[in-house]
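Here's target-v9.csv, which has CSV, C-alpha atoms (C1' of nucleotides):
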chain,number,residue,atom,x,y,z
A,541,MET,CA,16.1,16.2,4.6
A,542,ALA,CA,12.5,17.1,3.8
A,543,ARG,CA,11.9,13.4,4.2
A,544,SER,CA,12.6,13.2,7.9
A,545,LEU,CA,11.0,16.5,8.6
A,546,ARG,CA,7.9,15.2,7.0
A,547,GLN,CA,8.1,12.0,9.0
A,548,SER,CA,8.5,14.0,12.1
A,549,LYS,CA,5.4,15.9,11.2
A,550,ILE,CA,3.6,12.6,10.7
A,551,LEU,CA,4.5,11.5,14.2
A,552,GLU,CA,3.3,14.8,15.6
A,553,LEU,CA,0.0,14.6,13.6
A,554,ILE,CA,-0.9,11.2,14.7
A,555,SER,CA,-0.2,11.9,18.3
A,556,VAL,CA,-2.4,15.0,18.3
A,557,LYS,CA,-5.2,14.0,16.0
A,558,GLU,CA,-7.1,10.9,15.2
A,559,ILE,CA,-6.0,10.2,11.7
A,560,GLU,CA,-8.1,7.5,10.1
A,561,THR,CA,-6.6,7.2,6.6
A,562,GLN,CA,-3.5,7.9,4.7
A,563,ASP,CA,-5.5,10.3,2.5
A,564,GLU,CA,-6.5,12.2,5.6
A,565,LEU,CA,-2.9,12.4,6.6
A,566,ALA,CA,-2.0,13.6,3.2
A,567,LYS,CA,-4.3,16.6,3.6
A,568,GLU,CA,-3.0,17.4,7.0
A,569,LEU,CA,0.5,17.3,5.7
A,570,LYS,CA,-0.5,19.6,2.9
A,571,ASN,CA,-1.6,22.1,5.5
A,572,ALA,CA,1.9,21.8,7.0
A,573,ASN,CA,3.4,22.4,3.6
A,574,PHE,CA,4.4,18.9,2.8
A,575,ASP,CA,2.8,18.2,-0.6
A,576,ILE,CA,3.0,14.4,-0.9
A,577,THR,CA,0.9,11.6,-2.3
A,578,GLN,CA,-0.7,8.7,-0.4
A,579,ALA,CA,1.9,6.3,-1.9
A,580,THR,CA,4.7,8.1,-0.1
A,581,ILE,CA,2.8,8.2,3.1
A,582,SER,CA,2.3,4.4,2.9
A,583,ARG,CA,6.0,4.1,2.7
A,584,ASP,CA,6.6,6.5,5.5
A,585,ILE,CA,4.2,4.6,7.7
A,586,LYS,CA,5.9,1.3,7.0
A,587,GLU,CA,9.3,2.9,7.8
A,588,LEU,CA,8.1,4.5,11.0
A,589,GLY,CA,6.5,1.3,12.1
A,590,LEU,CA,3.1,2.8,12.5
A,591,THR,CA,-0.1,0.8,12.7
A,592,LYS,CA,-3.8,1.4,12.7
A,593,ILE,CA,-5.4,0.6,16.0
A,594,LEU,CA,-8.9,0.8,17.3
A,595,SER,CA,-9.5,4.2,19.0
A,596,SER,CA,-11.8,4.5,21.9
A,597,SER,CA,-14.4,5.8,19.6
A,598,GLY,CA,-14.5,2.5,17.7
A,599,LYS,CA,-12.8,4.0,14.6
A,600,TYR,CA,-9.4,3.0,13.4
A,601,LYS,CA,-6.6,5.5,13.8
A,602,TYR,CA,-2.9,5.5,13.2
A,603,ALA,CA,-0.6,5.1,16.2
A,604,ILE,CA,3.0,4.4,17.0
A,605,LEU,CA,3.7,0.8,17.5
A,606,GLY,CA,4.4,0.1,21.2
A,607,ASN,CA,7.8,-1.2,20.4
A,608,GLU,CA,8.9,-0.7,24.0
A,609,GLN,CA,11.4,-3.4,24.2
A,610,GLN,CA,14.3,-1.3,22.8
A,611,GLY,CA,13.2,2.1,24.1
A,612,VAL,CA,12.7,4.9,21.7
A,613,SER,CA,13.5,3.8,18.2
A,614,SER,CA,16.7,5.1,16.7
A,615,LYS,CA,14.7,6.3,13.7
A,616,TYR,CA,12.9,8.8,15.9
A,617,ILE,CA,16.1,9.9,17.4
A,618,ASN,CA,17.5,10.7,14.0
A,619,ILE,CA,14.4,12.8,13.3
A,620,PHE,CA,14.9,14.6,16.6
A,621,LYS,CA,18.5,15.4,15.7
A,622,GLU,CA,17.4,16.9,12.4
A,623,CYS,CA,14.8,19.2,14.0
A,624,VAL,CA,16.7,20.5,17.0
A,625,ILE,CA,19.0,23.4,16.8
A,626,SER,CA,19.9,23.8,20.5
A,627,VAL,CA,18.9,22.8,24.0
A,628,LYS,CA,19.6,25.2,26.7
A,629,ASN,CA,18.9,25.8,30.3
A,630,ALA,CA,17.1,28.7,31.9
A,631,LEU,CA,16.6,28.3,35.6
A,632,ASN,CA,14.1,25.5,36.0
A,633,LEU,CA,13.3,25.5,32.3
A,634,ALA,CA,14.9,23.7,29.3
A,635,VAL,CA,14.5,25.6,26.1
A,636,ILE,CA,14.7,23.8,22.8
A,637,LYS,CA,15.1,25.7,19.6
A,638,THR,CA,14.0,23.8,16.6
A,639,ILE,CA,13.7,24.3,12.8
A,640,LYS,CA,10.8,26.4,11.9
A,641,GLY,CA,7.5,24.5,12.2
A,642,MET,CA,8.9,21.6,14.1
A,643,GLY,CA,8.2,22.7,17.7
A,644,GLY,CA,5.2,20.4,17.9
A,645,SER,CA,7.0,17.4,16.5
A,646,VAL,CA,9.8,17.8,19.0
A,647,ALA,CA,7.5,18.3,21.9
A,648,SER,CA,5.6,15.1,21.0
A,649,PHE,CA,8.9,13.3,20.8
A,650,ILE,CA,9.9,14.6,24.2
A,651,ASP,CA,6.7,13.5,25.7
A,652,LYS,CA,7.4,10.0,24.4
A,653,LEU,CA,10.7,10.0,26.2
A,654,ASN,CA,8.8,10.0,29.5
A,655,LEU,CA,11.5,12.1,31.2
A,656,ILE,CA,11.5,11.6,34.9
A,657,ASP,CA,10.8,14.9,36.8
A,658,LEU,CA,9.5,16.6,33.7
A,659,MET,CA,6.4,18.5,34.9
A,660,GLY,CA,5.1,19.6,31.5
A,661,THR,CA,5.9,20.9,28.1
A,662,THR,CA,4.7,23.7,25.9
A,663,PHE,CA,5.7,24.6,22.4
A,664,GLY,CA,5.5,27.2,19.7
A,665,ASP,CA,6.5,27.1,16.1
A,666,ASP,CA,10.2,26.8,16.7
A,667,THR,CA,10.6,26.5,20.4
A,668,VAL,CA,9.8,23.9,23.0
A,669,LEU,CA,9.7,24.6,26.7
A,670,LEU,CA,10.3,21.9,29.3
A,671,ILE,CA,9.3,22.7,32.8
A,672,PHE,CA,11.1,21.1,35.7
A,673,PRO,CA,10.7,21.5,39.5
A,674,SER,CA,14.2,22.8,40.0
A,675,THR,CA,17.2,24.3,38.2
A,676,ALA,CA,19.3,21.3,39.0
A,677,LEU,CA,16.9,18.9,37.4
A,678,SER,CA,16.4,21.0,34.4
A,679,SER,CA,20.1,21.4,33.7
A,680,GLU,CA,20.5,17.7,34.2
A,681,ALA,CA,17.8,17.1,31.5
A,682,VAL,CA,19.6,19.5,29.2
A,683,VAL,CA,22.7,17.4,29.4
A,684,THR,CA,20.7,14.3,28.7
A,685,LEU,CA,19.1,15.8,25.7
A,686,ASN,CA,22.3,17.3,24.4
A,687,ASN,CA,23.8,13.8,24.6
A,688,ILE,CA,21.1,12.5,22.3
A,689,LEU,CA,22.1,15.2,19.8
A,690,VAL,CA,25.7,14.0,19.5
B,747,MET,CA,-20.5,-20.3,20.5
B,748,ALA,CA,-18.7,-21.1,17.2
B,749,ARG,CA,-18.0,-17.5,17.1
B,750,SER,CA,-15.7,-17.3,20.1
B,751,LEU,CA,-14.2,-20.7,19.4
B,752,ARG,CA,-13.2,-19.2,16.0
B,753,GLN,CA,-11.8,-16.1,17.6
B,754,SER,CA,-9.9,-18.2,19.9
B,755,LYS,CA,-8.4,-20.1,17.0
B,756,ILE,CA,-7.5,-16.8,15.4
B,757,LEU,CA,-5.6,-15.8,18.4
B,758,GLU,CA,-3.7,-19.1,18.4
B,759,LEU,CA,-3.0,-18.9,14.7
B,760,ILE,CA,-1.5,-15.4,14.7
B,761,SER,CA,0.6,-16.2,17.7
B,762,VAL,CA,2.0,-19.3,16.0
B,763,LYS,CA,2.3,-18.3,12.4
B,764,GLU,CA,3.1,-15.1,10.5
B,765,ILE,CA,-0.3,-14.4,9.0
B,766,GLU,CA,0.0,-11.7,6.4
B,767,THR,CA,-3.5,-11.3,5.2
B,768,GLN,CA,-7.1,-12.0,6.1
B,769,ASP,CA,-7.4,-14.3,3.2
B,770,GLU,CA,-4.5,-16.3,4.5
B,771,LEU,CA,-6.2,-16.5,7.9
B,772,ALA,CA,-9.4,-17.6,6.2
B,773,LYS,CA,-7.5,-20.6,4.7
B,774,GLU,CA,-5.9,-21.5,8.0
B,775,LEU,CA,-9.3,-21.4,9.6
B,776,LYS,CA,-10.7,-23.6,7.0
B,777,ASN,CA,-8.1,-26.2,7.9
B,778,ALA,CA,-9.3,-25.9,11.4
B,779,ASN,CA,-12.8,-26.4,10.2
B,780,PHE,CA,-14.0,-22.9,10.5
B,781,ASP,CA,-15.4,-22.1,7.1
B,782,ILE,CA,-15.7,-18.3,7.1
B,783,THR,CA,-15.2,-15.4,4.7
B,784,GLN,CA,-12.8,-12.6,4.8
B,785,ALA,CA,-15.6,-10.2,5.7
B,786,THR,CA,-16.2,-12.0,9.0
B,787,ILE,CA,-12.5,-12.2,9.7
B,788,SER,CA,-12.3,-8.4,9.3
B,789,ARG,CA,-15.0,-8.1,11.9
B,790,ASP,CA,-13.3,-10.6,14.2
B,791,ILE,CA,-10.0,-8.7,13.9
B,792,LYS,CA,-11.7,-5.5,14.8
B,793,GLU,CA,-13.4,-7.0,17.8
B,794,LEU,CA,-10.2,-8.7,19.1
B,795,GLY,CA,-8.2,-5.5,18.6
B,796,LEU,CA,-5.7,-7.1,16.4
B,797,THR,CA,-3.4,-5.1,14.2
B,798,LYS,CA,-0.9,-5.6,11.5
B,799,ILE,CA,2.7,-4.9,12.5
B,800,LEU,CA,5.9,-5.1,10.7
B,801,SER,CA,7.5,-8.5,11.4
B,802,SER,CA,11.2,-8.9,11.7
B,803,SER,CA,11.3,-10.1,8.1
B,804,GLY,CA,9.9,-6.8,6.8
B,805,LYS,CA,6.5,-8.2,6.0
B,806,TYR,CA,3.3,-7.2,7.7
B,807,LYS,CA,1.7,-9.7,10.0
B,808,TYR,CA,-1.2,-9.7,12.4
B,809,ALA,CA,-0.6,-9.4,16.1
B,810,ILE,CA,-2.4,-8.8,19.3
B,811,LEU,CA,-2.3,-5.1,20.2
B,812,GLY,CA,0.0,-4.5,23.2
B,813,ASN,CA,-2.8,-3.3,25.3
B,814,GLU,CA,-0.9,-4.0,28.5
B,815,GLN,CA,-2.3,-1.3,30.6
B,816,GLN,CA,-5.3,-3.3,31.8
B,817,GLY,CA,-3.7,-6.7,31.7
B,818,VAL,CA,-5.2,-9.5,29.6
B,819,SER,CA,-8.3,-8.3,27.9
B,820,SER,CA,-11.6,-9.6,29.3
B,821,LYS,CA,-12.5,-10.7,25.8
B,822,TYR,CA,-9.7,-13.2,25.9
B,823,ILE,CA,-10.7,-14.4,29.3
B,824,ASN,CA,-14.2,-15.1,28.0
B,825,ILE,CA,-12.8,-17.1,25.2
B,826,PHE,CA,-10.6,-19.0,27.6
B,827,LYS,CA,-13.7,-19.8,29.7
B,828,GLU,CA,-15.5,-21.2,26.7
B,829,CYS,CA,-12.6,-23.5,25.7
B,830,VAL,CA,-11.6,-24.9,29.1
B,831,ILE,CA,-13.3,-27.9,30.6
B,832,SER,CA,-11.2,-28.4,33.7
B,833,VAL,CA,-7.9,-27.5,35.3
B,834,LYS,CA,-6.3,-30.1,37.5
B,835,ASN,CA,-3.2,-30.7,39.4
B,836,ALA,CA,-0.8,-33.7,38.9
B,837,LEU,CA,2.3,-33.4,41.0
B,838,ASN,CA,4.3,-30.6,39.4
B,839,LEU,CA,2.0,-30.4,36.4
B,840,ALA,CA,-1.2,-28.6,35.8
B,841,VAL,CA,-3.4,-30.4,33.3
B,842,ILE,CA,-6.0,-28.4,31.4
B,843,LYS,CA,-8.7,-30.2,29.5
B,844,THR,CA,-10.2,-28.2,26.6
B,845,ILE,CA,-12.8,-28.6,24.0
B,846,LYS,CA,-11.6,-30.6,21.1
B,847,GLY,CA,-9.1,-28.7,18.9
B,848,MET,CA,-8.6,-25.8,21.3
B,849,GLY,CA,-5.5,-27.0,23.1
B,850,GLY,CA,-3.3,-24.7,21.1
B,851,SER,CA,-5.5,-21.7,21.6
B,852,VAL,CA,-5.6,-22.2,25.4
B,853,ALA,CA,-1.8,-22.8,25.5
B,854,SER,CA,-1.2,-19.5,23.7
B,855,PHE,CA,-3.5,-17.7,26.0
B,856,ILE,CA,-1.6,-19.2,29.0
B,857,ASP,CA,1.7,-18.1,27.5
B,858,LYS,CA,0.2,-14.6,27.3
B,859,LEU,CA,-0.5,-14.7,31.0
B,860,ASN,CA,3.2,-14.8,31.8
B,861,LEU,CA,2.6,-16.9,34.9
B,862,ILE,CA,5.5,-16.7,37.3
B,863,ASP,CA,7.3,-19.9,37.9
B,864,LEU,CA,5.8,-21.5,34.8
B,865,MET,CA,8.7,-23.5,33.2
B,866,GLY,CA,7.0,-24.4,30.0
B,867,THR,CA,3.9,-25.6,28.3
B,868,THR,CA,3.0,-28.3,25.8
B,869,PHE,CA,-0.3,-29.1,24.3
B,870,GLY,CA,-2.3,-31.5,22.3
B,871,ASP,CA,-5.7,-31.4,20.6
B,872,ASP,CA,-7.7,-31.1,23.8
B,873,THR,CA,-5.1,-31.0,26.5
B,874,VAL,CA,-2.6,-28.4,27.8
B,875,LEU,CA,0.2,-29.3,30.1
B,876,LEU,CA,1.9,-26.7,32.3
B,877,ILE,CA,5.2,-27.6,33.9
B,878,PHE,CA,6.1,-26.1,37.3
B,879,PRO,CA,9.2,-26.6,39.4
B,880,SER,CA,7.3,-28.1,42.3
B,881,THR,CA,3.9,-29.5,43.3
B,882,ALA,CA,3.2,-26.6,45.5
B,883,LEU,CA,3.7,-24.0,42.7
B,884,SER,CA,1.7,-26.1,40.3
B,885,SER,CA,-1.3,-26.5,42.7
B,886,GLU,CA,-1.1,-22.8,43.4
B,887,ALA,CA,-1.4,-22.1,39.7
B,888,VAL,CA,-4.3,-24.5,39.3
B,889,VAL,CA,-6.2,-22.4,41.9
B,890,THR,CA,-5.4,-19.2,40.0
B,891,LEU,CA,-6.6,-20.6,36.8
B,892,ASN,CA,-9.7,-22.0,38.3
B,893,ASN,CA,-10.5,-18.6,39.7
B,894,ILE,CA,-10.4,-17.2,36.2
B,895,LEU,CA,-13.0,-19.8,35.2
B,896,VAL,CA,-15.6,-18.7,37.7
C,559,DA,C1',31.6,19.4,-13.0
C,560,DA,C1',30.0,15.6,-15.5
C,561,DA,C1',29.0,10.8,-15.2
C,562,DA,C1',27.5,7.1,-12.5
C,563,DT,C1',25.1,5.4,-8.7
C,564,DT,C1',21.6,5.5,-5.2
C,565,DA,C1',17.5,7.2,-3.1
C,566,DA,C1',12.9,9.3,-3.2
C,567,DT,C1',8.7,10.1,-5.3
C,568,DG,C1',4.5,9.9,-8.5
C,569,DT,C1',1.4,7.4,-11.4
C,570,DA,C1',-1.3,3.8,-12.1
C,571,DT,C1',-3.0,-0.2,-10.4
C,572,DA,C1',-3.1,-4.5,-7.8
C,573,DA,C1',-4.0,-6.1,-3.3
C,574,DA,C1',-6.1,-6.0,0.9
C,575,DT,C1',-9.6,-4.4,4.1
C,576,DA,C1',-14.1,-2.5,5.7
C,577,DT,C1',-18.9,-2.1,5.4
C,578,DG,C1',-24.0,-1.5,3.7
C,579,DC,C1',-27.5,-4.4,3.0
C,580,DA,C1',-30.1,-8.7,2.8
C,581,DA,C1',-30.3,-13.4,4.3
C,582,DA,C1',-29.7,-16.8,7.8
C,583,DA,C1',-29.0,-18.3,12.4
C,584,DT,C1',-29.6,-17.7,17.1
C,585,DT,C1',-31.8,-16.1,21.2
C,586,DT,C1',-35.7,-14.2,23.8
C,587,DC,C1',-40.1,-14.3,25.5
C,588,DA,C1',-45.0,-15.0,25.7
D,235,DT,C1',-43.4,-24.0,20.5
D,236,DG,C1',-43.7,-20.2,17.5
D,237,DA,C1',-43.4,-15.3,16.7
D,238,DA,C1',-40.5,-11.4,17.4
D,239,DA,C1',-36.1,-9.5,18.2
D,240,DT,C1',-31.3,-9.8,18.0
D,241,DT,C1',-27.0,-11.4,16.3
D,242,DT,C1',-24.0,-13.3,12.9
D,243,DT,C1',-22.7,-13.9,8.4
D,244,DG,C1',-22.2,-13.7,3.2
D,245,DC,C1',-22.2,-11.2,-0.8
D,246,DA,C1',-21.0,-7.4,-3.4
D,247,DT,C1',-18.5,-3.5,-3.5
D,248,DA,C1',-16.5,0.9,-1.8
D,249,DT,C1',-12.6,2.3,0.5
D,250,DT,C1',-8.1,2.0,1.8
D,251,DT,C1',-3.3,0.6,1.3
D,252,DA,C1',0.8,-1.4,-0.9
D,253,DT,C1',3.7,-1.8,-4.8
D,254,DA,C1',5.8,-2.4,-9.8
D,255,DC,C1',7.6,0.5,-12.8
D,256,DA,C1',9.1,4.9,-14.6
D,257,DT,C1',10.9,9.3,-13.5
D,258,DT,C1',13.1,12.8,-10.9
D,259,DA,C1',16.2,14.3,-7.3
D,260,DA,C1',20.1,13.6,-4.6
D,261,DT,C1',24.6,11.7,-3.6
D,262,DT,C1',29.0,9.9,-4.8
D,263,DT,C1',32.8,9.1,-7.7
D,264,DT,C1',36.2,10.2,-11.0

Here is the file; what I need is its structure written in the form of structure tokens.
Amino acid sequence: MARSLRQSKILELISVKEIETQDELAKELKNANFDITQATISRDIKELGLTKILSSSGKYKYAILGNEQQGVSSKYINIFKECVISVKNALNLAVIKTIKGMGGSVASFIDKLNLIDLMGTTFGDDTVLLIFPSTALSSEAVVTLNNILV
Amino acid sequence: MARSLRQSKILELISVKEIETQDELAKELKNANFDITQATISRDIKELGLTKILSSSGKYKYAILGNEQQGVSSKYINIFKECVISVKNALNLAVIKTIKGMGGSVASFIDKLNLIDLMGTTFGDDTVLLIFPSTALSSEAVVTLNNILV
DNA sequence: AAAATTAATGTATAAATATGCAAAATTTCA
DNA sequence: TGAAATTTTGCATATTTATACATTAATTTT
């Protein structure tokens, strides 16, 4: 349980910051209340299929492997399932309630989905807001997301 | 000069074999008459934008970073230019003459191009053969490739 | 619920990689 | 050409990452 929450946080962290080393990631995780050693992070990274790539600044950073051939990995979907409490519709907005502290993780997962018609996302500690151009499109997306949760 | 030939060979090697470490790559390069240390390989890898990914067998291996947004990197094109002596047409075949020992490198570069209508490639030490369904398509491809060389 | 099995993690360290610095090779330019 | 400037490389080593092994935590079974 804590395991996949942690991995979820890792995915969020690397998508938000330029993380250069596993030690750096360990520190960031500590800030997010995941007290873990570099060894475990090495294992998480292998499991999530992350790699170090050359960032634009010429430094190495961790990134999700562009494993686009089979869409979003099932591992990520499992993590998503663990974090999300509910997905509901409110006019042209979809409102996702998450476990405390996982709003950012879920938002970055949603971004990765590249949902068509999605205009933007915002998130708080335990809420993610998806903005659609219309009520119809939003409720459609809510159905899609709920299907993922099954 | 030897530098880009070496880098070209690196690209070939990682696309043909599962190279797990830089030391392993050093050995393979020695076989190909590039006597070089791990340190230099580390630099080459950074320059070529290679990364280690998880292979299907669960081991790490080096691979070209899927940097598909801007097509084939200009760096690779430069290497291609240095290796290729001529590209000529022979009925439904395109015949590429390369610098000695670089046939495989060029062939793997060509594969990466994903040329439409290309049915297959074979290569020897200094020759690459591209097989097309017709003379017209082959000569068209020859023009394309010669344009790259300019 | 206790025992047995399986999974997750830490510790210590081996393995792998990156890099500062000096030397060698290559290129530029007068 | 030869001196100066630039680039490439090796060596040594610091840094980073992976993993064997032991331990703890979690799960399953009886």

Distance-based interface of chain B with chain D, 10 Å, counting only C-alpha atoms (C1' of nucleotides), as a list in words
Arg749, Ile782, Thr783, Gln784, Ala785 and Thr786 of chain B

Any chance you could export the current selection's C-alpha atoms as a PDB file, keeping the file's coordinate frame?
ATOM      1  CA  ARG B 749     -18.000 -17.500  17.100  1.00  0.00           C
ATOM      2  CA  ILE B 782     -15.700 -18.300   7.100  1.00  0.00           C
ATOM      3  CA  THR B 783     -15.200 -15.400   4.700  1.00  0.00           C
ATOM      4  CA  GLN B 784     -12.800 -12.600   4.800  1.00  0.00           C
ATOM      5  CA  ALA B 785     -15.600 -10.200   5.700  1.00  0.00           C
ATOM      6  CA  THR B 786     -16.200 -12.000   9.000  1.00  0.00           C
TER       7      THR B 786
END

Transformed chain B, reference chain A, full Cα set in order, as a CSV table (one decimal) with C-alpha atoms, in the frame of the given file:
chain,number,residue,atom,x,y,z
B,747,MET,CA,16.1,16.2,4.5
B,748,ALA,CA,12.5,17.0,3.7
B,749,ARG,CA,11.9,13.4,4.0
B,750,SER,CA,12.6,13.1,7.7
B,751,LEU,CA,11.1,16.5,8.5
B,752,ARG,CA,7.9,15.1,6.9
B,753,GLN,CA,8.2,11.9,9.0
B,754,SER,CA,8.6,13.9,12.0
B,755,LYS,CA,5.5,15.9,11.2
B,756,ILE,CA,3.7,12.6,10.7
B,757,LEU,CA,4.6,11.5,14.1
B,758,GLU,CA,3.4,14.8,15.6
B,759,LEU,CA,0.2,14.7,13.7
B,760,ILE,CA,-0.9,11.1,14.7
B,761,SER,CA,0.0,11.8,18.3
B,762,VAL,CA,-2.2,14.9,18.3
B,763,LYS,CA,-5.1,14.0,16.1
B,764,GLU,CA,-7.1,10.9,15.4
B,765,ILE,CA,-5.9,10.3,11.8
B,766,GLU,CA,-8.1,7.6,10.2
B,767,THR,CA,-6.7,7.3,6.8
B,768,GLN,CA,-3.6,8.1,4.7
B,769,ASP,CA,-5.6,10.4,2.6
B,770,GLU,CA,-6.5,12.4,5.7
B,771,LEU,CA,-2.8,12.5,6.7
B,772,ALA,CA,-2.0,13.7,3.2
B,773,LYS,CA,-4.3,16.7,3.8
B,774,GLU,CA,-2.9,17.5,7.2
B,775,LEU,CA,0.6,17.4,5.7
B,776,LYS,CA,-0.4,19.7,3.0
B,777,ASN,CA,-1.5,22.2,5.6
B,778,ALA,CA,2.0,21.8,7.0
B,779,ASN,CA,3.4,22.4,3.6
B,780,PHE,CA,4.4,18.9,2.8
B,781,ASP,CA,2.7,18.3,-0.5
B,782,ILE,CA,2.9,14.5,-0.9
B,783,THR,CA,0.8,11.6,-2.2
B,784,GLN,CA,-0.8,8.8,-0.4
B,785,ALA,CA,1.7,6.4,-2.0
B,786,THR,CA,4.6,8.1,-0.2
B,787,ILE,CA,2.7,8.2,3.1
B,788,SER,CA,2.2,4.5,2.9
B,789,ARG,CA,5.9,4.1,2.5
B,790,ASP,CA,6.6,6.5,5.4
B,791,ILE,CA,4.1,4.6,7.6
B,792,LYS,CA,5.9,1.4,6.9
B,793,GLU,CA,9.3,2.8,7.6
B,794,LEU,CA,8.1,4.5,10.9
B,795,GLY,CA,6.4,1.2,12.0
B,796,LEU,CA,3.1,2.9,12.5
B,797,THR,CA,-0.1,0.9,12.7
B,798,LYS,CA,-3.7,1.4,12.8
B,799,ILE,CA,-5.4,0.6,16.1
B,800,LEU,CA,-8.9,0.8,17.3
B,801,SER,CA,-9.4,4.2,19.1
B,802,SER,CA,-11.6,4.5,22.0
B,803,SER,CA,-14.3,5.8,19.8
B,804,GLY,CA,-14.4,2.6,17.7
B,805,LYS,CA,-12.7,4.0,14.7
B,806,TYR,CA,-9.4,3.1,13.4
B,807,LYS,CA,-6.6,5.5,13.8
B,808,TYR,CA,-2.8,5.5,13.2
B,809,ALA,CA,-0.5,5.1,16.1
B,810,ILE,CA,3.1,4.4,16.9
B,811,LEU,CA,3.7,0.7,17.5
B,812,GLY,CA,4.4,0.0,21.2
B,813,ASN,CA,7.8,-1.2,20.4
B,814,GLU,CA,9.0,-0.6,24.0
B,815,GLN,CA,11.4,-3.4,24.2
B,816,GLN,CA,14.3,-1.4,22.9
B,817,GLY,CA,13.2,2.0,24.1
B,818,VAL,CA,12.7,4.9,21.7
B,819,SER,CA,13.5,3.8,18.2
B,820,SER,CA,16.7,5.1,16.7
B,821,LYS,CA,14.7,6.3,13.7
B,822,TYR,CA,12.9,8.8,15.9
B,823,ILE,CA,16.2,9.9,17.5
B,824,ASN,CA,17.5,10.7,14.0
B,825,ILE,CA,14.5,12.7,13.3
B,826,PHE,CA,14.9,14.5,16.6
B,827,LYS,CA,18.5,15.3,15.7
B,828,GLU,CA,17.5,16.8,12.4
B,829,CYS,CA,14.8,19.1,14.0
B,830,VAL,CA,16.7,20.4,17.0
B,831,ILE,CA,19.0,23.4,16.8
B,832,SER,CA,19.9,23.8,20.5
B,833,VAL,CA,18.9,22.8,24.0
B,834,LYS,CA,19.5,25.3,26.7
B,835,ASN,CA,18.9,25.8,30.3
B,836,ALA,CA,17.0,28.8,31.8
B,837,LEU,CA,16.5,28.4,35.5
B,838,ASN,CA,13.9,25.6,35.9
B,839,LEU,CA,13.2,25.5,32.2
B,840,ALA,CA,14.9,23.8,29.3
B,841,VAL,CA,14.5,25.7,26.1
B,842,ILE,CA,14.7,23.7,22.8
B,843,LYS,CA,15.1,25.6,19.6
B,844,THR,CA,13.9,23.7,16.5
B,845,ILE,CA,13.7,24.3,12.8
B,846,LYS,CA,10.8,26.3,11.9
B,847,GLY,CA,7.5,24.4,12.2
B,848,MET,CA,8.9,21.5,14.1
B,849,GLY,CA,8.2,22.6,17.6
B,850,GLY,CA,5.2,20.3,17.9
B,851,SER,CA,7.0,17.3,16.5
B,852,VAL,CA,9.9,17.7,19.0
B,853,ALA,CA,7.5,18.2,21.9
B,854,SER,CA,5.7,15.0,21.0
B,855,PHE,CA,8.9,13.2,20.8
B,856,ILE,CA,9.9,14.5,24.2
B,857,ASP,CA,6.6,13.4,25.7
B,858,LYS,CA,7.4,10.0,24.3
B,859,LEU,CA,10.7,10.0,26.3
B,860,ASN,CA,8.8,10.0,29.6
B,861,LEU,CA,11.5,12.0,31.2
B,862,ILE,CA,11.4,11.7,35.0
B,863,ASP,CA,10.7,14.9,36.8
B,864,LEU,CA,9.4,16.6,33.7
B,865,MET,CA,6.3,18.6,34.9
B,866,GLY,CA,5.0,19.6,31.5
B,867,THR,CA,5.8,20.9,28.1
B,868,THR,CA,4.6,23.7,25.8
B,869,PHE,CA,5.7,24.5,22.4
B,870,GLY,CA,5.5,27.0,19.6
B,871,ASP,CA,6.5,27.0,16.0
B,872,ASP,CA,10.2,26.7,16.6
B,873,THR,CA,10.5,26.5,20.3
B,874,VAL,CA,9.8,23.8,23.0
B,875,LEU,CA,9.7,24.6,26.6
B,876,LEU,CA,10.2,21.9,29.3
B,877,ILE,CA,9.2,22.7,32.8
B,878,PHE,CA,11.1,21.1,35.7
B,879,PRO,CA,10.6,21.5,39.4
B,880,SER,CA,14.1,22.9,40.0
B,881,THR,CA,17.1,24.4,38.1
B,882,ALA,CA,19.2,21.4,39.0
B,883,LEU,CA,16.7,18.9,37.4
B,884,SER,CA,16.3,21.1,34.4
B,885,SER,CA,20.1,21.5,33.8
B,886,GLU,CA,20.4,17.7,34.3
B,887,ALA,CA,17.8,17.2,31.6
B,888,VAL,CA,19.5,19.6,29.2
B,889,VAL,CA,22.7,17.5,29.5
B,890,THR,CA,20.7,14.3,28.7
B,891,LEU,CA,19.1,15.8,25.7
B,892,ASN,CA,22.3,17.2,24.4
B,893,ASN,CA,23.8,13.8,24.7
B,894,ILE,CA,21.1,12.5,22.4
B,895,LEU,CA,22.2,15.2,19.8
B,896,VAL,CA,25.7,14.0,19.5

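The spacing separating CA of Leu757 (chain B) from CA of Lys776 (chain B) amounts to 14.7 Å.
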
Near chain A, 10 Å: chain C residue rows, closest pairs, only C-alpha atoms (C1' of nucleotides), as CSV:
residue,atom,partner,partner_atom,distance
C:DA566,C1',A:Arg543,CA,8.5
C:DT567,C1',A:Thr580,CA,6.9
C:DG568,C1',A:Thr577,CA,7.4
C:DT569,C1',A:Ala579,CA,9.6

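With all atoms listed in the file as the atoms that count, the minimum distance from chain B to the choices A:Cys623, A:Ile593, A:Ile688, A:Ile617 is reached by A:Ile593.
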
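A straight line drawn from CA of Ala630 (chain A) to CA of Tyr616 (chain A) is 25.9 Å long.
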
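The coordinates place CA of Thr797 (chain B) at 6.4 Å from CA of Ile810 (chain B).
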
Cut-off 8 Å: closest chain B/chain A atom pairs per residue, using all atoms listed in the file, as a Markdown table:
| residue | atom | partner | partner_atom | distance |
| --- | --- | --- | --- | --- |
| B:Lys792 | CA | A:Leu594 | CA | 7.3 |
| B:Gly795 | CA | A:Leu594 | CA | 6.5 |
| B:Leu796 | CA | A:Ile593 | CA | 7.7 |
| B:Thr797 | CA | A:Ile593 | CA | 6.3 |
| B:Lys798 | CA | A:Thr591 | CA | 6.6 |
| B:Ile799 | CA | A:Thr591 | CA | 6.4 |
| B:Leu800 | CA | A:Gly589 | CA | 6.6 |
| B:Leu811 | CA | A:Ile593 | CA | 7.7 |
| B:Gly812 | CA | A:Gly606 | CA | 6.7 |
